[in-house]
>>> print(open('protein-v9.tsv').read())   # TSV, N, CA, C and O atoms
chain	number	residue	atom	x	y	z
A	1	ASP	N	30.91	109.48	42.43
A	1	ASP	CA	30.49	110.81	42.81
A	1	ASP	C	29.38	110.78	43.86
A	1	ASP	O	29.40	111.57	44.80
A	2	VAL	N	28.42	109.88	43.69
A	2	VAL	CA	27.32	109.80	44.65
A	2	VAL	C	27.84	109.37	46.02
A	2	VAL	O	27.47	109.96	47.04
A	3	ALA	N	28.71	108.38	46.04
A	3	ALA	CA	29.28	107.93	47.31
A	3	ALA	C	30.09	109.05	47.95
A	3	ALA	O	29.98	109.30	49.16
A	4	ALA	N	30.91	109.74	47.18
A	4	ALA	CA	31.73	110.83	47.71
A	4	ALA	C	30.85	111.96	48.24
A	4	ALA	O	31.13	112.53	49.31
A	5	ALA	N	29.78	112.28	47.53
A	5	ALA	CA	28.86	113.32	48.00
A	5	ALA	C	28.19	112.92	49.30
A	5	ALA	O	28.04	113.72	50.22
A	6	THR	N	27.80	111.64	49.40
A	6	THR	CA	27.15	111.15	50.61
A	6	THR	C	28.09	111.20	51.80
A	6	THR	O	27.72	111.68	52.88
A	7	VAL	N	29.31	110.74	51.61
A	7	VAL	CA	30.31	110.77	52.70
A	7	VAL	C	30.59	112.21	53.11
A	7	VAL	O	30.65	112.52	54.30
A	8	SER	N	30.76	113.08	52.15
A	8	SER	CA	31.02	114.49	52.46
A	8	SER	C	29.85	115.12	53.22
A	8	SER	O	30.04	115.87	54.18
A	9	ALA	N	28.63	114.79	52.80
A	9	ALA	CA	27.45	115.32	53.49
A	9	ALA	C	27.41	114.82	54.93
A	9	ALA	O	27.08	115.58	55.86
A	10	LEU	N	27.74	113.56	55.14
A	10	LEU	CA	27.79	113.01	56.50
A	10	LEU	C	28.88	113.68	57.33
A	10	LEU	O	28.67	114.02	58.49
A	11	ASP	N	30.06	113.87	56.72
A	11	ASP	CA	31.16	114.53	57.42
A	11	ASP	C	30.79	115.94	57.85
A	11	ASP	O	31.21	116.41	58.90
A	12	HIS	N	29.99	116.62	57.02
A	12	HIS	CA	29.55	117.99	57.32
A	12	HIS	C	28.27	118.02	58.16
A	12	HIS	O	27.75	119.10	58.44
A	13	LYS	N	27.77	116.83	58.52
A	13	LYS	CA	26.50	116.73	59.26
A	13	LYS	C	25.38	117.52	58.57
A	13	LYS	O	24.57	118.18	59.20
A	14	LEU	N	25.37	117.43	57.25
A	14	LEU	CA	24.41	118.14	56.43
A	14	LEU	C	23.03	117.52	56.60
A	14	LEU	O	22.89	116.29	56.64
A	15	GLU	N	22.02	118.34	56.70
A	15	GLU	CA	20.64	117.88	56.79
A	15	GLU	C	19.83	118.49	55.68
A	15	GLU	O	20.09	119.62	55.26
A	16	GLY	N	18.87	117.75	55.19
A	16	GLY	CA	18.00	118.25	54.13
A	16	GLY	C	18.03	117.35	52.92
A	16	GLY	O	18.61	116.27	52.94
A	17	VAL	N	17.41	117.82	51.87
A	17	VAL	CA	17.33	117.07	50.62
A	17	VAL	C	18.15	117.81	49.58
A	17	VAL	O	17.96	119.01	49.37
A	18	PHE	N	19.07	117.10	48.93
A	18	PHE	CA	19.95	117.70	47.94
A	18	PHE	C	20.06	116.78	46.73
A	18	PHE	O	20.07	115.56	46.87
A	19	ASN	N	20.15	117.37	45.55
A	19	ASN	CA	20.41	116.60	44.34
A	19	ASN	C	21.90	116.33	44.20
A	19	ASN	O	22.72	117.18	44.54
A	20	VAL	N	22.22	115.17	43.70
A	20	VAL	CA	23.60	114.82	43.36
A	20	VAL	C	23.57	114.53	41.86
A	20	VAL	O	22.95	113.56	41.43
A	21	GLY	N	24.21	115.37	41.08
A	21	GLY	CA	24.21	115.18	39.63
A	21	GLY	C	25.10	116.19	38.95
A	21	GLY	O	25.70	117.05	39.59
A	22	THR	N	25.17	116.07	37.64
A	22	THR	CA	26.04	116.94	36.85
A	22	THR	C	25.31	118.13	36.27
A	22	THR	O	25.94	119.05	35.77
A	23	GLY	N	23.98	118.09	36.29
A	23	GLY	CA	23.21	119.15	35.65
A	23	GLY	C	23.08	118.96	34.14
A	23	GLY	O	22.53	119.79	33.45
A	24	ILE	N	23.60	117.85	33.64
A	24	ILE	CA	23.53	117.55	32.20
A	24	ILE	C	22.36	116.62	31.94
A	24	ILE	O	22.28	115.54	32.53
A	25	GLU	N	21.44	117.05	31.09
A	25	GLU	CA	20.27	116.23	30.78
A	25	GLU	C	20.71	114.95	30.08
A	25	GLU	O	21.57	114.97	29.19
A	26	THR	N	20.11	113.83	30.49
A	26	THR	CA	20.48	112.54	29.93
A	26	THR	C	19.22	111.73	29.64
A	26	THR	O	18.37	111.60	30.51
A	27	SER	N	19.12	111.19	28.44
A	27	SER	CA	17.96	110.36	28.10
A	27	SER	C	18.14	108.96	28.68
A	27	SER	O	19.27	108.51	28.93
A	28	THR	N	17.04	108.28	28.89
A	28	THR	CA	17.11	106.91	29.38
A	28	THR	C	17.81	106.00	28.38
A	28	THR	O	18.53	105.08	28.76
A	29	LEU	N	17.65	106.27	27.09
A	29	LEU	CA	18.33	105.49	26.07
A	29	LEU	C	19.85	105.67	26.18
A	29	LEU	O	20.61	104.71	26.07
A	30	SER	N	20.29	106.88	26.43
A	30	SER	CA	21.73	107.14	26.58
A	30	SER	C	22.29	106.39	27.79
A	30	SER	O	23.38	105.80	27.71
A	31	ILE	N	21.56	106.39	28.89
A	31	ILE	CA	22.01	105.66	30.08
A	31	ILE	C	22.11	104.17	29.75
A	31	ILE	O	23.10	103.51	30.08
A	32	SER	N	21.10	103.63	29.07
A	32	SER	CA	21.10	102.23	28.68
A	32	SER	C	22.32	101.91	27.81
A	32	SER	O	22.99	100.91	28.01
A	33	GLU	N	22.61	102.76	26.86
A	33	GLU	CA	23.75	102.54	25.96
A	33	GLU	C	25.08	102.58	26.73
A	33	GLU	O	25.97	101.77	26.47
A	34	HIS	N	25.21	103.51	27.66
A	34	HIS	CA	26.43	103.58	28.48
A	34	HIS	C	26.60	102.31	29.32
A	34	HIS	O	27.71	101.79	29.45
A	35	ILE	N	25.52	101.83	29.91
A	35	ILE	CA	25.61	100.60	30.71
A	35	ILE	C	25.96	99.41	29.83
A	35	ILE	O	26.83	98.60	30.19
A	36	ARG	N	25.32	99.29	28.67
A	36	ARG	CA	25.64	98.18	27.76
A	36	ARG	C	27.10	98.23	27.33
A	36	ARG	O	27.76	97.20	27.27
A	37	THR	N	27.62	99.41	27.05
A	37	THR	CA	29.02	99.55	26.67
A	37	THR	C	29.93	99.14	27.81
A	37	THR	O	30.88	98.37	27.63
A	38	ALA	N	29.66	99.65	29.01
A	38	ALA	CA	30.49	99.34	30.17
A	38	ALA	C	30.46	97.86	30.50
A	38	ALA	O	31.48	97.28	30.90
A	39	ALA	N	29.31	97.24	30.32
A	39	ALA	CA	29.15	95.81	30.64
A	39	ALA	C	29.59	94.92	29.47
A	39	ALA	O	29.58	93.70	29.60
A	40	LYS	N	29.96	95.54	28.36
A	40	LYS	CA	30.33	94.79	27.16
A	40	LYS	C	29.21	93.84	26.75
A	40	LYS	O	29.45	92.71	26.33
A	41	ALA	N	27.99	94.32	26.90
A	41	ALA	CA	26.81	93.53	26.58
A	41	ALA	C	26.51	93.64	25.09
A	41	ALA	O	26.70	94.69	24.48
A	42	THR	N	26.03	92.55	24.51
A	42	THR	CA	25.68	92.55	23.09
A	42	THR	C	24.17	92.60	22.88
A	42	THR	O	23.73	92.79	21.76
A	43	ALA	N	23.42	92.42	23.94
A	43	ALA	CA	21.95	92.46	23.82
A	43	ALA	C	21.50	93.86	23.40
A	43	ALA	O	22.07	94.87	23.81
A	44	LYS	N	20.50	93.88	22.58
A	44	LYS	CA	19.92	95.15	22.14
A	44	LYS	C	18.88	95.62	23.15
A	44	LYS	O	18.25	94.82	23.83
A	45	ALA	N	18.72	96.92	23.25
A	45	ALA	CA	17.70	97.48	24.14
A	45	ALA	C	16.32	97.12	23.60
A	45	ALA	O	16.09	97.10	22.40
A	46	LYS	N	15.40	96.79	24.51
A	46	LYS	CA	14.01	96.53	24.12
A	46	LYS	C	13.21	97.79	24.42
A	46	LYS	O	13.28	98.32	25.53
A	47	HIS	N	12.49	98.25	23.45
A	47	HIS	CA	11.70	99.47	23.61
A	47	HIS	C	10.23	99.11	23.73
A	47	HIS	O	9.74	98.23	23.04
A	48	GLY	N	9.57	99.80	24.61
A	48	GLY	CA	8.14	99.61	24.78
A	48	GLY	C	7.49	100.96	24.99
A	48	GLY	O	8.17	101.99	25.03
A	49	ALA	N	6.21	100.93	25.14
A	49	ALA	CA	5.48	102.18	25.37
A	49	ALA	C	5.84	102.73	26.74
A	49	ALA	O	6.08	101.98	27.69
A	50	ALA	N	5.90	104.05	26.83
A	50	ALA	CA	6.17	104.68	28.12
A	50	ALA	C	5.03	104.38	29.08
A	50	ALA	O	3.87	104.25	28.68
A	51	ARG	N	5.40	104.21	30.34
A	51	ARG	CA	4.40	103.96	31.38
A	51	ARG	C	4.16	105.27	32.14
A	51	ARG	O	5.01	106.15	32.16
A	52	ASP	N	3.01	105.37	32.78
A	52	ASP	CA	2.72	106.54	33.59
A	52	ASP	C	3.82	106.72	34.63
A	52	ASP	O	4.18	105.77	35.32
A	53	GLY	N	4.38	107.89	34.71
A	53	GLY	CA	5.41	108.18	35.69
A	53	GLY	C	6.83	107.96	35.20
A	53	GLY	O	7.78	108.33	35.87
A	54	ASP	N	7.00	107.32	34.02
A	54	ASP	CA	8.35	107.13	33.47
A	54	ASP	C	8.97	108.48	33.12
A	54	ASP	O	8.31	109.34	32.54
A	55	ALA	N	10.24	108.63	33.44
A	55	ALA	CA	10.98	109.83	33.07
A	55	ALA	C	11.69	109.57	31.75
A	55	ALA	O	12.44	108.61	31.62
A	56	ALA	N	11.44	110.40	30.76
A	56	ALA	CA	12.10	110.24	29.47
A	56	ALA	C	13.53	110.76	29.56
A	56	ALA	O	14.42	110.27	28.89
A	57	ARG	N	13.74	111.77	30.39
A	57	ARG	CA	15.06	112.36	30.55
A	57	ARG	C	15.20	112.80	32.00
A	57	ARG	O	14.22	112.95	32.71
A	58	SER	N	16.43	113.03	32.39
A	58	SER	CA	16.67	113.46	33.77
A	58	SER	C	17.86	114.40	33.82
A	58	SER	O	18.84	114.21	33.11
A	59	SER	N	17.75	115.40	34.65
A	59	SER	CA	18.86	116.34	34.88
A	59	SER	C	18.77	116.82	36.31
A	59	SER	O	17.76	117.40	36.71
A	60	LEU	N	19.80	116.54	37.11
A	60	LEU	CA	19.79	116.94	38.51
A	60	LEU	C	20.80	118.07	38.72
A	60	LEU	O	21.97	117.92	38.41
A	61	ASP	N	20.31	119.18	39.25
A	61	ASP	CA	21.15	120.33	39.53
A	61	ASP	C	21.65	120.23	40.97
A	61	ASP	O	20.87	120.26	41.91
A	62	ALA	N	22.95	120.10	41.13
A	62	ALA	CA	23.55	119.95	42.46
A	62	ALA	C	24.05	121.27	43.02
A	62	ALA	O	24.89	121.30	43.92
A	63	ALA	N	23.53	122.40	42.54
A	63	ALA	CA	24.01	123.71	42.99
A	63	ALA	C	23.84	123.90	44.50
A	63	ALA	O	24.73	124.43	45.16
A	64	ALA	N	22.72	123.45	45.06
A	64	ALA	CA	22.50	123.61	46.50
A	64	ALA	C	23.53	122.80	47.30
A	64	ALA	O	24.06	123.28	48.30
A	65	LEU	N	23.81	121.60	46.85
A	65	LEU	CA	24.82	120.76	47.52
A	65	LEU	C	26.20	121.39	47.38
A	65	LEU	O	26.97	121.44	48.34
A	66	SER	N	26.50	121.87	46.21
A	66	SER	CA	27.78	122.53	45.97
A	66	SER	C	27.95	123.73	46.88
A	66	SER	O	29.03	123.96	47.44
A	67	HIS	N	26.89	124.49	47.05
A	67	HIS	CA	26.94	125.67	47.93
A	67	HIS	C	27.09	125.26	49.39
A	67	HIS	O	27.84	125.87	50.15
A	68	ALA	N	26.41	124.20	49.79
A	68	ALA	CA	26.41	123.78	51.20
A	68	ALA	C	27.73	123.15	51.63
A	68	ALA	O	28.20	123.40	52.75
A	69	ILE	N	28.34	122.33	50.76
A	69	ILE	CA	29.56	121.62	51.19
A	69	ILE	C	30.68	121.68	50.15
A	69	ILE	O	31.64	120.92	50.22
A	70	ALA	N	30.55	122.55	49.17
A	70	ALA	CA	31.56	122.73	48.13
A	70	ALA	C	31.84	121.43	47.36
A	70	ALA	O	32.95	121.16	46.96
A	71	TRP	N	30.78	120.62	47.14
A	71	TRP	CA	30.92	119.38	46.38
A	71	TRP	C	30.68	119.65	44.90
A	71	TRP	O	29.81	120.42	44.53
A	72	ARG	N	31.47	119.02	44.06
A	72	ARG	CA	31.29	119.09	42.62
A	72	ARG	C	31.51	117.69	42.04
A	72	ARG	O	32.38	116.96	42.51
A	73	PRO	N	30.76	117.32	40.99
A	73	PRO	CA	30.98	116.01	40.37
A	73	PRO	C	32.37	115.95	39.72
A	73	PRO	O	32.85	116.96	39.20
A	74	LYS	N	32.98	114.79	39.79
A	74	LYS	CA	34.31	114.61	39.20
A	74	LYS	C	34.28	113.69	37.99
A	74	LYS	O	35.16	113.76	37.16
A	75	LEU	N	33.29	112.82	37.92
A	75	LEU	CA	33.21	111.85	36.83
A	75	LEU	C	32.08	112.20	35.87
A	75	LEU	O	31.03	112.69	36.29
A	76	GLY	N	32.28	111.90	34.61
A	76	GLY	CA	31.20	111.98	33.65
A	76	GLY	C	30.32	110.75	33.77
A	76	GLY	O	30.67	109.78	34.45
A	77	LEU	N	29.20	110.78	33.09
A	77	LEU	CA	28.24	109.67	33.17
A	77	LEU	C	28.87	108.35	32.75
A	77	LEU	O	28.74	107.34	33.45
A	78	ALA	N	29.54	108.33	31.61
A	78	ALA	CA	30.11	107.08	31.11
A	78	ALA	C	31.12	106.49	32.10
A	78	ALA	O	31.08	105.30	32.40
A	79	ALA	N	32.00	107.32	32.63
A	79	ALA	CA	33.01	106.83	33.59
A	79	ALA	C	32.35	106.35	34.88
A	79	ALA	O	32.74	105.32	35.44
A	80	GLY	N	31.36	107.07	35.36
A	80	GLY	CA	30.66	106.66	36.57
A	80	GLY	C	29.94	105.35	36.40
A	80	GLY	O	29.99	104.48	37.29
A	81	LEU	N	29.28	105.16	35.27
A	81	LEU	CA	28.58	103.90	35.03
A	81	LEU	C	29.57	102.76	34.82
A	81	LEU	O	29.33	101.63	35.26
A	82	GLU	N	30.70	103.04	34.19
A	82	GLU	CA	31.74	102.01	34.03
A	82	GLU	C	32.27	101.57	35.39
A	82	GLU	O	32.43	100.38	35.65
A	83	ASN	N	32.51	102.52	36.29
A	83	ASN	CA	32.96	102.19	37.65
A	83	ASN	C	31.90	101.36	38.37
A	83	ASN	O	32.24	100.41	39.09
A	84	THR	N	30.64	101.69	38.19
A	84	THR	CA	29.56	100.97	38.85
A	84	THR	C	29.47	99.54	38.32
A	84	THR	O	29.36	98.59	39.11
A	85	VAL	N	29.53	99.37	37.01
A	85	VAL	CA	29.50	98.02	36.42
A	85	VAL	C	30.70	97.21	36.92
A	85	VAL	O	30.55	96.05	37.31
A	86	ASP	N	31.88	97.83	36.96
A	86	ASP	CA	33.07	97.14	37.46
A	86	ASP	C	32.89	96.71	38.91
A	86	ASP	O	33.27	95.61	39.29
A	87	TRP	N	32.30	97.58	39.75
A	87	TRP	CA	32.07	97.25	41.16
A	87	TRP	C	31.17	96.02	41.27
A	87	TRP	O	31.47	95.10	42.01
A	88	PHE	N	30.07	96.02	40.52
A	88	PHE	CA	29.15	94.88	40.57
A	88	PHE	C	29.81	93.62	40.05
A	88	PHE	O	29.61	92.53	40.58
A	89	ARG	N	30.60	93.74	38.99
A	89	ARG	CA	31.30	92.57	38.44
A	89	ARG	C	32.25	91.98	39.48
A	89	ARG	O	32.27	90.77	39.70
A	90	HIS	N	33.04	92.82	40.15
A	90	HIS	CA	33.97	92.33	41.16
A	90	HIS	C	33.23	91.78	42.38
A	90	HIS	O	33.65	90.78	42.96
A	91	ALA	N	32.14	92.42	42.77
A	91	ALA	CA	31.35	91.94	43.92
A	91	ALA	C	30.78	90.55	43.62
A	91	ALA	O	30.78	89.68	44.48
A	92	ARG	N	30.30	90.37	42.40
A	92	ARG	CA	29.73	89.07	42.02
A	92	ARG	C	30.82	87.99	41.99
A	92	ARG	O	30.60	86.89	42.46
A	93	ASN	N	31.98	88.34	41.47
A	93	ASN	CA	33.08	87.37	41.38
A	93	ASN	C	33.69	87.07	42.74
A	93	ASN	O	34.33	86.04	42.90
A	94	ALA	N	33.51	87.95	43.71
A	94	ALA	CA	34.07	87.75	45.05
A	94	ALA	C	33.27	86.76	45.87
A	94	ALA	O	33.73	86.28	46.90
A	95	ARG	N	32.06	86.43	45.42
A	95	ARG	CA	31.20	85.51	46.19
A	95	ARG	C	31.72	84.12	46.18
A	95	ARG	O	32.28	83.50	45.48
>>> encode(input="protein-v9.tsv", output="structure tokens")
Amino acid sequence: DVAAATVSALDHKLEGVFNVGTGIETSTLSISEHIRTAAKATAKAKHGAARDGDAARSSLDAAALSHAIAWRPKLGLAAGLENTVDWFRHARNAR
């Protein structure tokens, strides 16, 4: 979705700052779990104290981008992270 949004923004010669996201709030723990699942990792997450500036959750509203170039996300978080892990796995194996 991020790559598609970037290409579409370039094709439209869009200028400015826009969020690319689903608008669905996601905790950092949830992102970690999705990546571990996609990577088929068995390691457990290590938890520590939050650091100054750490985001506990994130939600990006892409309404402005959608209005500017009619872009909408097509993948959910789990599918997008699985695609990303697969890309890195294939890139590493291609070396």
>>> residues_around(input="protein-v9.tsv", residues="range 78-80 of chain A", least_positions_apart="4", cutoff="8 Å", atoms="only C-alpha atoms", output="list in words")
Asp1, His34, Ile35, Ala38 and Thr84 of chain A
>>> closest_residue(input="protein-v9.tsv", among="A:Thr42, A:Ser32, A:Thr37, A:Thr22", to="Lys74 in chain A", atoms="all atoms listed in the file")
A:Thr22
>>> axis_aligned_box(input="protein-v9.tsv", around="range 69-77 of chain A", padding_each_side="8 Å", output="lines of an AutoDock Vina configuration file")
center_x = 31.7
center_y = 115.0
center_z = 42.0
size_x = 22.9
size_y = 31.4
size_z = 34.4
>>> atom_distance(input="protein-v9.tsv", atom1="CA of Leu60 in chain A", atom2="CA of His90 in chain A")
28.5 Å
>>> atom_distance(input="protein-v9.tsv", atom1="CA of Thr26 in chain A", atom2="CA of Val2 in chain A")
16.5 Å
>>> select_by_dssp(input="protein-v9.tsv", residues="chain A", states="strand (DSSP E)", output="list in words")
Thr26, Ser27, Arg57 and Ser58 of chain A
